[in-house]
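Coordinates as given in my_file_12.pdb (PDB, C-alpha atoms and all ligand atoms):
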```pdb
ATOM      1  CA  MET A   1      59.467 -56.160-125.450
ATOM      2  CA  GLN A   2      62.701 -54.923-126.808
ATOM      3  CA  THR A   3      64.432 -57.624-124.786
ATOM      4  CA  GLN A   4      62.140 -60.378-126.288
ATOM      5  CA  PHE A   5      62.960 -59.269-129.906
ATOM      6  CA  ILE A   6      66.623 -59.412-129.145
ATOM      7  CA  LEU A   7      66.299 -63.054-127.983
ATOM      8  CA  ILE A   8      64.452 -64.072-131.199
ATOM      9  CA  ASP A   9      67.193 -62.723-133.418
ATOM     10  CA  ILE A  10      69.764 -64.777-131.708
ATOM     11  CA  SER A  11      68.446 -68.231-132.521
ATOM     12  CA  LYS A  12      65.569 -69.944-134.318
ATOM     13  CA  GLU A  13      65.607 -72.955-132.293
ATOM     14  CA  ASP A  14      65.625 -70.994-129.255
ATOM     15  CA  THR A  15      62.737 -69.166-130.618
ATOM     16  CA  ASN A  16      60.405 -72.016-130.500
ATOM     17  CA  SER A  17      61.361 -72.827-127.007
ATOM     18  CA  ASP A  18      61.064 -69.314-126.083
ATOM     19  CA  ILE A  19      57.691 -69.111-127.606
ATOM     20  CA  HIS A  20      56.678 -72.080-125.697
ATOM     21  CA  LYS A  21      58.008 -70.587-122.578
ATOM     22  CA  LEU A  22      56.342 -67.409-123.349
ATOM     23  CA  ARG A  23      53.110 -69.095-123.977
ATOM     24  CA  SER A  24      53.422 -70.875-120.713
ATOM     25  CA  GLU A  25      54.346 -67.719-119.017
ATOM     26  CA  ASN A  26      51.489 -66.025-120.749
ATOM     27  CA  GLU A  27      49.233 -68.708-119.534
ATOM     28  CA  ASN A  28      50.583 -68.269-116.080
ATOM     29  CA  ILE A  29      50.213 -64.619-116.359
ATOM     30  CA  THR A  30      46.684 -65.030-117.588
ATOM     31  CA  ILE A  31      46.027 -67.301-114.709
ATOM     32  CA  GLN A  32      47.674 -64.862-112.443
ATOM     33  CA  LYS A  33      45.730 -62.097-114.158
ATOM     34  CA  ARG A  34      42.476 -63.943-113.602
ATOM     35  CA  ALA A  35      43.445 -64.580-110.082
ATOM     36  CA  VAL A  36      44.288 -60.955-109.706
ATOM     37  CA  GLU A  37      41.073 -60.011-111.437
ATOM     38  CA  SER A  38      39.214 -62.340-109.200
ATOM     39  CA  GLN A  39      41.028 -60.837-106.264
ATOM     40  CA  LEU A  40      40.261 -57.396-107.641
ATOM     41  CA  SER A  41      36.655 -58.317-107.988
ATOM     42  CA  GLY A  42      36.725 -59.499-104.363
ATOM     43  CA  VAL A  43      38.460 -56.378-103.371
ATOM     44  CA  GLN A  44      35.919 -54.338-105.337
ATOM     45  CA  GLN A  45      33.130 -56.199-103.642
ATOM     46  CA  GLN A  46      34.826 -55.642-100.356
ATOM     47  CA  LEU A  47      35.260 -52.019-101.356
ATOM     48  CA  GLU A  48      31.573 -51.781-102.242
ATOM     49  CA  THR A  49      30.776 -53.448 -98.981
ATOM     50  CA  LEU A  50      33.140 -51.059 -97.234
ATOM     51  CA  LYS A  51      31.622 -48.142 -99.166
ATOM     52  CA  GLU A  52      28.219 -49.355 -98.183
ATOM     53  CA  GLU A  53      29.376 -49.821 -94.629
ATOM     54  CA  HIS A  54      31.047 -46.437 -94.781
ATOM     55  CA  ALA A  55      27.850 -44.921 -96.084
ATOM     56  CA  ASN A  56      25.935 -46.675 -93.336
ATOM     57  CA  VAL A  57      28.467 -45.653 -90.746
ATOM     58  CA  THR A  58      28.477 -42.118 -92.137
ATOM     59  CA  LYS A  59      24.718 -42.137 -92.054
ATOM     60  CA  ASP A  60      24.813 -43.416 -88.484
ATOM     61  CA  LEU A  61      27.490 -40.899 -87.621
ATOM     62  CA  VAL A  62      25.478 -38.086 -89.148
ATOM     63  CA  ALA A  63      22.479 -39.300 -87.310
ATOM     64  CA  ASN A  64      24.509 -39.624 -84.156
ATOM     65  CA  LEU A  65      26.093 -36.277 -84.769
ATOM     66  CA  SER A  66      22.694 -34.693 -85.203
ATOM     67  CA  ASP A  67      21.561 -36.402 -82.085
ATOM     68  CA  ILE A  68      24.686 -35.338 -80.288
ATOM     69  CA  THR A  69      24.291 -31.842 -81.646
ATOM     70  CA  GLN A  70      20.722 -31.757 -80.427
ATOM     71  CA  LYS A  71      21.805 -33.126 -77.096
ATOM     72  CA  LEU A  72      24.645 -30.651 -77.086
ATOM     73  CA  GLU A  73      22.243 -27.829 -77.852
ATOM     74  CA  SER A  74      19.968 -29.154 -75.209
ATOM     75  CA  LEU A  75      22.906 -29.356 -72.827
ATOM     76  CA  GLN A  76      23.930 -25.849 -73.874
ATOM     77  CA  MET A  77      20.446 -24.674 -73.092
ATOM     78  CA  SER A  78      20.497 -26.538 -69.847
ATOM     79  CA  TYR A  79      23.872 -25.044 -69.154
ATOM     80  CA  ASP A  80      22.609 -21.592 -70.048
ATOM     81  CA  ASN A  81      19.591 -22.183 -67.871
ATOM     82  CA  ALA A  82      21.816 -23.508 -65.134
ATOM     83  CA  THR A  83      24.066 -20.496 -65.566
ATOM     84  CA  ALA A  84      21.095 -18.184 -65.461
ATOM     85  CA  ILE A  85      19.764 -20.031 -62.442
ATOM     86  CA  THR A  86      23.200 -19.916 -60.889
ATOM     87  CA  ARG A  87      23.367 -16.172 -61.598
ATOM     88  CA  THR A  88      19.949 -15.743 -60.142
ATOM     89  CA  LEU A  89      20.937 -17.909 -57.224
ATOM     90  CA  LYS A  90      24.109 -15.877 -56.797
ATOM     91  CA  ALA A  91      22.072 -12.703 -56.905
ATOM     92  CA  ASN A  92      19.653 -14.275 -54.471
ATOM     93  CA  LEU A  93      22.552 -15.450 -52.384
ATOM     94  CA  THR A  94      23.897 -11.884 -52.363
ATOM     95  CA  ASP A  95      20.452 -10.635 -51.446
ATOM     96  CA  ILE A  96      20.161 -13.348 -48.844
ATOM     97  CA  THR A  97      23.618 -12.526 -47.537
ATOM     98  CA  GLN A  98      22.709  -8.845 -47.365
ATOM     99  CA  THR A  99      19.392  -9.712 -45.816
ATOM    100  CA  LEU A 100      21.258 -11.985 -43.431
ATOM    101  CA  ASP A 101      23.626  -9.130 -42.577
ATOM    102  CA  ILE A 102      20.658  -6.859 -42.023
ATOM    103  CA  LEU A 103      19.002  -9.596 -39.977
ATOM    104  CA  LYS A 104      22.223 -10.023 -37.993
ATOM    105  CA  VAL A 105      22.242  -6.285 -37.258
ATOM    106  CA  SER A 106      18.539  -6.444 -36.516
ATOM    107  CA  TYR A 107      19.134  -9.443 -34.289
ATOM    108  CA  ALA A 108      21.948  -7.589 -32.509
ATOM    109  CA  ASN A 109      19.649  -4.579 -32.137
ATOM    110  CA  ALA A 110      16.821  -6.827 -31.049
ATOM    111  CA  THR A 111      19.132  -8.513 -28.541
ATOM    112  CA  ALA A 112      20.262  -5.128 -27.256
ATOM    113  CA  MET A 113      16.661  -3.975 -27.151
ATOM    114  CA  THR A 114      15.683  -7.212 -25.436
ATOM    115  CA  ASP A 115      18.369  -6.534 -22.832
ATOM    116  CA  ILE A 116      17.034  -3.011 -22.369
ATOM    117  CA  LEU A 117      13.480  -4.321 -22.253
ATOM    118  CA  GLU A 118      14.516  -6.996 -19.755
ATOM    119  CA  ARG A 119      16.139  -4.322 -17.603
ATOM    120  CA  ASN A 120      13.054  -2.152 -18.050
ATOM    121  CA  LEU A 121      10.917  -5.162 -17.191
ATOM    122  CA  THR A 122      13.029  -5.717 -14.082
ATOM    123  CA  ASP A 123      12.628  -2.046 -13.205
ATOM    124  CA  ILE A 124       8.929  -2.212 -13.934
ATOM    125  CA  THR A 125       8.613  -5.399 -11.895
ATOM    126  CA  GLN A 126      10.431  -3.752  -8.992
ATOM    127  CA  THR A 127       8.307  -0.626  -9.367
ATOM    128  CA  LEU A 128       5.262  -2.864  -9.531
ATOM    129  CA  ASP A 129       6.359  -4.627  -6.346
ATOM    130  CA  ILE A 130       6.842  -1.258  -4.653
ATOM    131  CA  LEU A 131       3.470  -0.119  -5.966
ATOM    132  CA  LYS A 132       1.910  -3.365  -4.709
ATOM    133  CA  VAL A 133       3.360  -2.719  -1.254
ATOM    134  CA  SER A 134       2.251   0.921  -1.456
ATOM    135  CA  TYR A 135      -1.185  -0.209  -2.546
ATOM    136  CA  ALA A 136      -1.322  -2.734   0.278
ATOM    137  CA  ASN A 137      -0.251  -0.011   2.731
ATOM    138  CA  ALA A 138      -2.759   2.407   1.254
ATOM    139  CA  THR A 139      -5.442  -0.266   1.550
ATOM    140  CA  ASP A 140      -4.465  -0.914   5.165
ATOM    141  CA  MET A 141      -4.464   2.819   5.856
ATOM    142  CA  LYS A 142      -7.838   3.164   4.142
ATOM    143  CA  GLU A 143      -9.228   0.310   6.244
ATOM    144  CA  THR A 144      -7.738   1.832   9.386
ATOM    145  CA  LEU A 145      -9.153   5.232   8.430
ATOM    146  CA  GLU A 146     -12.519   3.659   7.705
ATOM    147  CA  ARG A 147     -12.424   1.880  11.049
ATOM    148  CA  ASN A 148     -11.379   5.132  12.709
ATOM    149  CA  LEU A 149     -14.141   6.942  10.841
ATOM    150  CA  THR A 150     -16.677   4.339  11.972
ATOM    151  CA  GLU A 151     -15.326   4.571  15.518
ATOM    152  CA  THR A 152     -15.333   8.377  15.302
ATOM    153  CA  GLN A 153     -18.883   8.335  13.978
ATOM    154  CA  ARG A 154     -19.861   5.969  16.778
ATOM    155  CA  ILE A 155     -18.113   8.194  19.342
ATOM    156  CA  LEU A 156     -19.672  11.246  17.716
ATOM    157  CA  ALA A 157     -23.113   9.613  17.926
ATOM    158  CA  GLY A 158     -22.335   8.748  21.557
ATOM    159  CA  GLN A 159     -21.032  12.261  22.058
ATOM    160  CA  MET A 160     -24.216  13.669  20.565
ATOM    161  CA  ASN A 161     -26.164  11.492  23.004
ATOM    162  CA  THR A 162     -23.876  12.679  25.756
ATOM    163  CA  ASN A 163     -24.359  16.213  24.488
ATOM    164  CA  ASP A 164     -28.097  15.704  24.615
ATOM    165  CA  ASN A 165     -27.744  14.340  28.128
ATOM    166  CA  LEU A 166     -25.383  17.193  28.997
ATOM    167  CA  THR A 167     -27.851  19.676  27.558
ATOM    168  CA  LYS A 168     -30.534  18.100  29.750
ATOM    169  CA  GLU A 169     -28.143  18.178  32.704
ATOM    170  CA  ILE A 170     -27.273  21.801  31.918
ATOM    171  CA  THR A 171     -30.961  22.619  31.732
ATOM    172  CA  LYS A 172     -31.433  20.896  35.093
ATOM    173  CA  LEU A 173     -28.441  22.702  36.529
ATOM    174  CA  GLU A 174     -29.634  26.005  35.127
ATOM    175  CA  LYS A 175     -32.960  25.284  36.774
ATOM    176  CA  ALA A 176     -31.136  24.391  39.977
ATOM    177  CA  VAL A 177     -29.051  27.575  39.758
ATOM    178  CA  GLU A 178     -32.211  29.513  39.153
ATOM    179  CA  ASP A 179     -33.733  27.827  42.225
ATOM    180  CA  VAL A 180     -30.614  28.574  44.263
ATOM    181  CA  GLN A 181     -30.647  32.156  43.033
ATOM    182  CA  LYS A 182     -34.310  32.394  43.926
ATOM    183  CA  GLU A 183     -33.555  30.847  47.327
ATOM    184  CA  ALA A 184     -30.580  33.197  47.722
ATOM    185  CA  TRP A 185     -32.768  36.120  46.863
ATOM    186  CA  LEU A 186     -35.414  34.922  49.309
ATOM    187  CA  LYS A 187     -32.780  34.303  52.010
ATOM    188  CA  PHE A 188     -31.247  37.679  51.265
ATOM    189  CA  LYS A 189     -34.647  39.330  51.598
ATOM    190  CA  ALA A 190     -35.147  37.379  54.868
ATOM    191  CA  GLY A 191     -31.743  38.533  56.144
ATOM    192  CA  TRP A 192     -29.577  35.463  55.402
ATOM    193  CA  GLU A 193     -25.997  35.920  54.210
ATOM    194  CA  TYR A 194     -23.921  33.609  52.094
ATOM    195  CA  PHE A 195     -20.448  32.365  52.992
ATOM    196  CA  SER A 196     -18.511  29.388  51.591
ATOM    197  CA  GLY A 197     -21.473  27.281  50.581
ATOM    198  CA  LYS A 198     -23.666  28.108  53.604
ATOM    199  CA  TYR A 199     -26.207  30.774  54.576
ATOM    200  CA  TYR A 200     -26.081  32.534  57.923
ATOM    201  CA  TYR A 201     -28.838  34.426  59.677
ATOM    202  CA  PHE A 202     -27.966  36.934  62.399
ATOM    203  CA  SER A 203     -31.186  37.620  64.313
ATOM    204  CA  THR A 204     -32.075  40.978  65.712
ATOM    205  CA  ASP A 205     -34.393  39.620  68.428
ATOM    206  CA  ASN A 206     -33.347  37.875  71.644
ATOM    207  CA  LYS A 207     -34.493  34.476  72.842
ATOM    208  CA  LYS A 208     -33.527  31.730  75.291
ATOM    209  CA  TRP A 209     -31.115  29.091  73.890
ATOM    210  CA  THR A 210     -33.811  26.394  73.286
ATOM    211  CA  GLU A 211     -36.169  28.951  71.743
ATOM    212  CA  SER A 212     -33.357  30.151  69.531
ATOM    213  CA  ARG A 213     -32.560  26.547  68.518
ATOM    214  CA  ASP A 214     -36.184  25.945  67.535
ATOM    215  CA  ALA A 215     -36.479  29.272  65.721
ATOM    216  CA  CYS A 216     -33.529  28.321  63.495
ATOM    217  CA  VAL A 217     -35.155  24.966  62.667
ATOM    218  CA  THR A 218     -38.422  26.767  61.844
ATOM    219  CA  MET A 219     -36.505  28.906  59.368
ATOM    220  CA  GLY A 220     -35.070  25.786  57.663
ATOM    221  CA  GLY A 221     -31.686  25.726  59.422
ATOM    222  CA  HIS A 222     -30.043  25.127  62.788
ATOM    223  CA  LEU A 223     -28.044  27.077  65.385
ATOM    224  CA  VAL A 224     -24.615  27.601  63.863
ATOM    225  CA  ILE A 225     -22.089  24.756  64.133
ATOM    226  CA  ILE A 226     -18.582  26.213  63.894
ATOM    227  CA  GLU A 227     -16.293  23.664  62.230
ATOM    228  CA  THR A 228     -13.404  25.713  60.804
ATOM    229  CA  GLN A 229     -11.336  28.727  61.695
ATOM    230  CA  GLU A 230     -12.553  30.409  58.453
ATOM    231  CA  GLU A 231     -16.141  30.020  59.600
ATOM    232  CA  GLN A 232     -15.244  31.446  63.060
ATOM    233  CA  ASP A 233     -13.425  34.377  61.441
ATOM    234  CA  PHE A 234     -16.377  35.090  59.133
ATOM    235  CA  LEU A 235     -18.751  35.209  62.118
ATOM    236  CA  ILE A 236     -16.630  37.477  64.358
ATOM    237  CA  HIS A 237     -16.116  40.025  61.578
ATOM    238  CA  HIS A 238     -19.826  40.331  60.815
ATOM    239  CA  ASN A 239     -21.264  43.861  60.510
ATOM    240  CA  PRO A 240     -23.325  45.493  61.923
ATOM    241  CA  ALA A 241     -23.308  42.990  64.789
ATOM    242  CA  GLN A 242     -20.150  44.221  66.549
ATOM    243  CA  ASN A 243     -20.000  43.736  70.334
ATOM    244  CA  GLN A 244     -23.236  41.785  70.392
ATOM    245  CA  ASP A 245     -23.813  38.251  71.741
ATOM    246  CA  TYR A 246     -25.352  35.432  69.722
ATOM    247  CA  TRP A 247     -26.273  31.926  70.722
ATOM    248  CA  ILE A 248     -24.363  29.191  68.827
ATOM    249  CA  GLY A 249     -25.415  25.543  68.534
ATOM    250  CA  LEU A 250     -23.134  24.232  71.318
ATOM    251  CA  THR A 251     -24.275  22.883  74.748
ATOM    252  CA  ASP A 252     -23.117  20.654  77.623
ATOM    253  CA  SER A 253     -26.593  20.359  79.125
ATOM    254  CA  ALA A 254     -26.689  16.607  78.630
ATOM    255  CA  GLU A 255     -23.387  15.994  80.443
ATOM    256  CA  GLU A 256     -21.484  18.733  82.218
ATOM    257  CA  GLY A 257     -18.202  19.568  80.507
ATOM    258  CA  LYS A 258     -18.983  17.425  77.473
ATOM    259  CA  TRP A 259     -19.778  19.979  74.806
ATOM    260  CA  ARG A 260     -21.794  18.797  71.849
ATOM    261  CA  TRP A 261     -23.095  20.553  68.764
ATOM    262  CA  VAL A 262     -26.780  20.501  67.895
ATOM    263  CA  ASP A 263     -26.141  17.682  65.398
ATOM    264  CA  ASN A 264     -24.908  15.701  68.451
ATOM    265  CA  SER A 265     -21.271  15.739  67.262
ATOM    266  CA  LEU A 266     -18.645  16.315  69.969
ATOM    267  CA  LEU A 267     -16.696  19.579  70.036
ATOM    268  CA  ASN A 268     -13.384  19.121  68.238
ATOM    269  CA  ASN A 269     -10.391  20.233  70.378
ATOM    270  CA  ASN A 270      -8.739  21.771  67.285
ATOM    271  CA  THR A 271     -11.659  24.048  66.482
ATOM    272  CA  LYS A 272     -12.753  25.692  69.739
ATOM    273  CA  TYR A 273     -12.447  29.380  70.480
ATOM    274  CA  TRP A 274     -13.263  29.895  74.214
ATOM    275  CA  ARG A 275     -12.543  33.332  75.699
ATOM    276  CA  GLY A 276      -9.902  33.336  78.505
ATOM    277  CA  THR A 277     -10.970  30.930  81.275
ATOM    278  CA  GLU A 278     -14.270  30.077  79.627
ATOM    279  CA  PRO A 279     -16.118  27.807  79.893
ATOM    280  CA  ASP A 280     -16.294  28.346  83.649
ATOM    281  CA  ASN A 281     -19.798  26.926  84.266
ATOM    282  CA  TRP A 282     -20.345  29.915  86.546
ATOM    283  CA  LYS A 283     -22.673  29.171  89.469
ATOM    284  CA  ASP A 284     -22.920  25.724  87.959
ATOM    285  CA  GLN A 285     -25.627  27.102  85.700
ATOM    286  CA  GLU A 286     -23.915  27.673  82.357
ATOM    287  CA  ASP A 287     -24.590  24.931  79.806
ATOM    288  CA  CYS A 288     -25.081  26.902  76.568
ATOM    289  CA  ALA A 289     -22.500  28.671  74.415
ATOM    290  CA  ARG A 290     -22.607  32.114  72.823
ATOM    291  CA  VAL A 291     -20.194  34.098  70.686
ATOM    292  CA  ASN A 292     -19.318  37.729  71.266
ATOM    293  CA  VAL A 293     -18.841  39.254  67.815
ATOM    294  CA  ASN A 294     -15.916  41.610  68.278
ATOM    295  CA  ARG A 295     -13.244  40.609  65.733
ATOM    296  CA  VAL A 296     -11.397  38.656  68.458
ATOM    297  CA  ARG A 297     -10.984  35.015  67.503
ATOM    298  CA  ASP A 298     -11.321  33.521  71.015
ATOM    299  CA  SER A 299     -14.803  34.846  71.716
ATOM    300  CA  TRP A 300     -16.928  31.990  73.080
ATOM    301  CA  TYR A 301     -18.579  32.018  76.553
ATOM    302  CA  ASP A 302     -20.702  29.575  78.407
ATOM    303  CA  SER A 303     -23.858  31.128  79.771
ATOM    304  CA  SER A 304     -27.171  30.186  81.328
ATOM    305  CA  CYS A 305     -29.439  28.697  78.709
ATOM    306  CA  GLU A 306     -32.250  30.821  80.207
ATOM    307  CA  ASP A 307     -30.517  34.044  79.231
ATOM    308  CA  ARG A 308     -31.851  35.821  76.186
ATOM    309  CA  TYR A 309     -29.504  36.547  73.321
ATOM    310  CA  LYS A 310     -29.640  37.012  69.623
ATOM    311  CA  ARG A 311     -28.847  33.863  67.556
ATOM    312  CA  ILE A 312     -26.895  32.846  64.468
ATOM    313  CA  CYS A 313     -28.689  30.256  62.328
ATOM    314  CA  GLU A 314     -26.849  28.234  59.671
ATOM    315  CA  SER A 315     -28.373  26.624  56.590
ATOM    316  CA  LYS A 316     -26.897  24.557  53.805
ATOM    317  CA  ALA A 317     -27.239  26.047  50.346
ATOM    318  CA  LYS A 318     -29.641  23.798  48.427
TER
HETATM  319 CA    CA B   1     -21.033  25.453  60.652
HETATM  320 CA    CA B   2     -21.997  23.911  81.825
HETATM  321 CA    CA B   3     -19.192  31.364  81.557
END
```

Output the file's structure in the form of structure tokens.
Amino acid sequence: MQTQFILIDISKEDTNSDIHKLRSENENITIQKRAVESQLSGVQQQLETLKEEHANVTKDLVANLSDITQKLESLQMSYDNATAITRTLKANLTDITQTLDILKVSYANATAMTDILERNLTDITQTLDILKVSYANATDMKETLERNLTETQRILAGQMNTNDNLTKEITKLEKAVEDVQKEAWLKFKAGWEYFSGKYYYFSTDNKKWTESRDACVTMGGHLVIIETQEEQDFLIHHNPAQNQDYWIGLTDSAEEGKWRWVDNSLLNNNTKYWRGTEPDNWKDQEDCARVNVNRVRDSWYDSSCEDRYKRICESKAK
């Protein structure tokens, strides 16, 4: 403004022009001002719009923020929960790990025990096998023993039968012995003597040979048949018949020189006890034999069968 007043002082003519210029400028400025105002109005509208948009955006942001905050809180809670769960899981994991360790130890122990049990089972199985064999053997032995027992019982039953039979036999034998004893007693009373399973009777009377032979038969015997040296020795040592003659059961009356015993058996060359040159068949009349009892072994003579001598009878023991 100070500048404009300076220009007016300088010249009047200029002043009018200047005024005109100024007016024009003023008009321009007014136009410009209106334009600016219009622009300002636009800007203000835009500003209002922006404010409104800002408010809307802010509102949205607040809403979003709230939402986000809620979500964040929710997430925080989830996180906390997850953390808690994780902690719990960790604790559980620790427990599980410990339990697993314990289980591992238990498993090792169980494995060791299983080994022991398997060995024990093997032992037991072997023992069982042995016991089975023992049982089988025991069963066999029992069966054998039972068979033996049955056999023994059978034998015993048989033995008892045999015993019964033996008892009967013994009774019979006792009876027989009794009979023999009775017979012996009777023979003894009748003058018979026993020697080596036979009885001998030395008579005190004298008879011819044939009469003597028959007398012996009547008494249940026969004229003695001398078959052994023992029998000969027994006869020649008989007491009290020493130095006496007795007919014996030997004769050659059927065929001269062929001496036979009364049972018709021929005289055995190994058991004949003739005295000296006997038999001499003296006067061709001697066909009967006698023994001279005098303790001399060779003591037989041939004599006449009509001579009378004592006799020796022989009888089997019944
Ligand atoms: Ca005889
Ligand atoms: Ca003769
Ligand atoms: Ca003679």

- Starting from the displayed file, determine the output of the PyMOL selection byres (((not hetatm)) within 10 of (chain B and resi 1)) and express the residue list as a list in words.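 With the PyMOL selection byres (((not hetatm)) within 10 of (chain B and resi 1)) on this model, the match is Lys198, Tyr199, Tyr200, His222, Leu223, Val224, Ile225, Ile226, Glu227, Thr228, Glu231, Gln232, Ile248, Gly249, Trp261, Cys313, Glu314, Ser315 and Lys316 of chain A.
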
- Task: Excluding segment 290-296 of chain A and any residue of its chain fewer than 3 positions from it, enumerate the residues within 9 Å of it, using all atoms listed in the file, and give them as an MDAnalysis selection string.
- Result: chainID A and resid 233 235:239 241:250 274 299:303 309 311

Take the residues from that selection and put them in a file with C-alpha atoms, as a compact mmCIF listing (two decimals), keeping the file's coordinate frame.
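part27.txt written:
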```txt
# COMPACT_ATOMS: atom_id res chain seq x y z
CA ASP A 233 -13.42 34.38 61.44
CA LEU A 235 -18.75 35.21 62.12
CA ILE A 236 -16.63 37.48 64.36
CA HIS A 237 -16.12 40.02 61.58
CA HIS A 238 -19.83 40.33 60.82
CA ASN A 239 -21.26 43.86 60.51
CA ALA A 241 -23.31 42.99 64.79
CA GLN A 242 -20.15 44.22 66.55
CA ASN A 243 -20.00 43.74 70.33
CA GLN A 244 -23.24 41.78 70.39
CA ASP A 245 -23.81 38.25 71.74
CA TYR A 246 -25.35 35.43 69.72
CA TRP A 247 -26.27 31.93 70.72
CA ILE A 248 -24.36 29.19 68.83
CA GLY A 249 -25.42 25.54 68.53
CA LEU A 250 -23.13 24.23 71.32
CA TRP A 274 -13.26 29.90 74.21
CA SER A 299 -14.80 34.85 71.72
CA TRP A 300 -16.93 31.99 73.08
CA TYR A 301 -18.58 32.02 76.55
CA ASP A 302 -20.70 29.58 78.41
CA SER A 303 -23.86 31.13 79.77
CA TYR A 309 -29.50 36.55 73.32
CA ARG A 311 -28.85 33.86 67.56
```

- the PyMOL selection byres (((chain A and resi 253) around 12) and not hetatm) on the file shown: which residues, as a PyMOL selection string? chain A and resi 209-210+249-252+254-262+264+281+284-289+302-306

- Calculate how many Å separate atom CA of Lys182 of chain A from atom CA of Tyr194 of chain A, rounding to one decimal. 13.3 Å

- Query: If you measure from atom CA of Lys132 of chain A to atom CA of Thr150 of chain A, what distance in Å do you get, rounded to one decimal?
  - Reply: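 So the two atoms, atom CA of Lys132 of chain A and atom CA of Thr150 of chain A, lie 26.1 Å apart.
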
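Here atom CA of Leu149 of chain A and atom CA of Tyr135 of chain A stand 20.0 Å from one another.
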
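Here the question is which of A:Asp60, A:Asp80, A:Glu278, A:Asp140 gets nearest to ligand CA 2 (chain B) using all atoms listed in the file, and that residue is A:Glu278.
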
- Between A:Tyr201, A:Tyr107, A:Phe188, A:Trp282, smallest distance to Cys216 of chain A by only C-alpha atoms belongs to A:Tyr201

- Message: Nearest residue to ligand CA 3 (chain B) out of A:Arg308, A:Arg297, A:Lys21, A:Lys283, using only C-alpha atoms and all ligand atoms?
- Response: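 Between A:Arg308, A:Arg297, A:Lys21, A:Lys283, the residue approaching ligand CA 3 (chain B) most closely is A:Lys283.
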
- Pick from A:Lys33, A:Arg154, A:Arg275, A:Lys310, whichever lies nearest to ligand CA 3 (chain B) using all atoms listed in the file: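 For ligand CA 3 (chain B), the nearest of the candidates is A:Arg275.
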
- Option closest in space to ligand CA 2 (chain B), from A:Thr139, A:Thr171, A:Asp280, A:Ser196 [counting all atoms listed in the file]: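 Checking each of A:Thr139, A:Thr171, A:Asp280, A:Ser196 against ligand CA 2 (chain B), counting all atoms listed in the file, the winner is A:Asp280.
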
Could you rebuild segment 161-173 of chain A with N, CA and C atoms and give it back as a PDB file, keeping the file's coordinate frame?
```pdb
ATOM      1  N   ASN A 161     -25.287  11.947  21.916  1.00  0.00           N
ATOM      2  CA  ASN A 161     -26.164  11.492  23.004  1.00  0.00           C
ATOM      3  C   ASN A 161     -25.768  12.159  24.299  1.00  0.00           C
ATOM      4  N   THR A 162     -24.410  12.066  24.540  1.00  0.00           N
ATOM      5  CA  THR A 162     -23.876  12.679  25.756  1.00  0.00           C
ATOM      6  C   THR A 162     -24.219  14.161  25.780  1.00  0.00           C
ATOM      7  N   ASN A 163     -24.047  14.788  24.570  1.00  0.00           N
ATOM      8  CA  ASN A 163     -24.359  16.213  24.488  1.00  0.00           C
ATOM      9  C   ASN A 163     -25.820  16.468  24.842  1.00  0.00           C
ATOM     10  N   ASP A 164     -26.673  15.574  24.285  1.00  0.00           N
ATOM     11  CA  ASP A 164     -28.097  15.704  24.615  1.00  0.00           C
ATOM     12  C   ASP A 164     -28.285  15.604  26.119  1.00  0.00           C
ATOM     13  N   ASN A 165     -27.623  14.541  26.680  1.00  0.00           N
ATOM     14  CA  ASN A 165     -27.744  14.340  28.128  1.00  0.00           C
ATOM     15  C   ASN A 165     -27.192  15.548  28.875  1.00  0.00           C
ATOM     16  N   LEU A 166     -26.002  16.029  28.354  1.00  0.00           N
ATOM     17  CA  LEU A 166     -25.383  17.193  28.997  1.00  0.00           C
ATOM     18  C   LEU A 166     -26.313  18.398  28.919  1.00  0.00           C
ATOM     19  N   THR A 167     -26.924  18.555  27.724  1.00  0.00           N
ATOM     20  CA  THR A 167     -27.851  19.676  27.558  1.00  0.00           C
ATOM     21  C   THR A 167     -28.976  19.563  28.589  1.00  0.00           C
ATOM     22  N   LYS A 168     -29.474  18.313  28.749  1.00  0.00           N
ATOM     23  CA  LYS A 168     -30.534  18.100  29.750  1.00  0.00           C
ATOM     24  C   LYS A 168     -30.019  18.438  31.142  1.00  0.00           C
ATOM     25  N   GLU A 169     -28.754  17.914  31.390  1.00  0.00           N
ATOM     26  CA  GLU A 169     -28.143  18.178  32.704  1.00  0.00           C
ATOM     27  C   GLU A 169     -27.980  19.675  32.919  1.00  0.00           C
ATOM     28  N   ILE A 170     -27.491  20.349  31.820  1.00  0.00           N
ATOM     29  CA  ILE A 170     -27.273  21.801  31.918  1.00  0.00           C
ATOM     30  C   ILE A 170     -28.594  22.499  32.224  1.00  0.00           C
ATOM     31  N   THR A 171     -29.639  22.032  31.496  1.00  0.00           N
ATOM     32  CA  THR A 171     -30.961  22.619  31.732  1.00  0.00           C
ATOM     33  C   THR A 171     -31.359  22.431  33.199  1.00  0.00           C
ATOM     34  N   LYS A 172     -31.118  21.182  33.682  1.00  0.00           N
ATOM     35  CA  LYS A 172     -31.433  20.896  35.093  1.00  0.00           C
ATOM     36  C   LYS A 172     -30.646  21.813  36.012  1.00  0.00           C
ATOM     37  N   LEU A 173     -29.309  21.888  35.680  1.00  0.00           N
ATOM     38  CA  LEU A 173     -28.441  22.702  36.529  1.00  0.00           C
ATOM     39  C   LEU A 173     -28.863  24.167  36.489  1.00  0.00           C
TER      40      LEU A 173
END
```
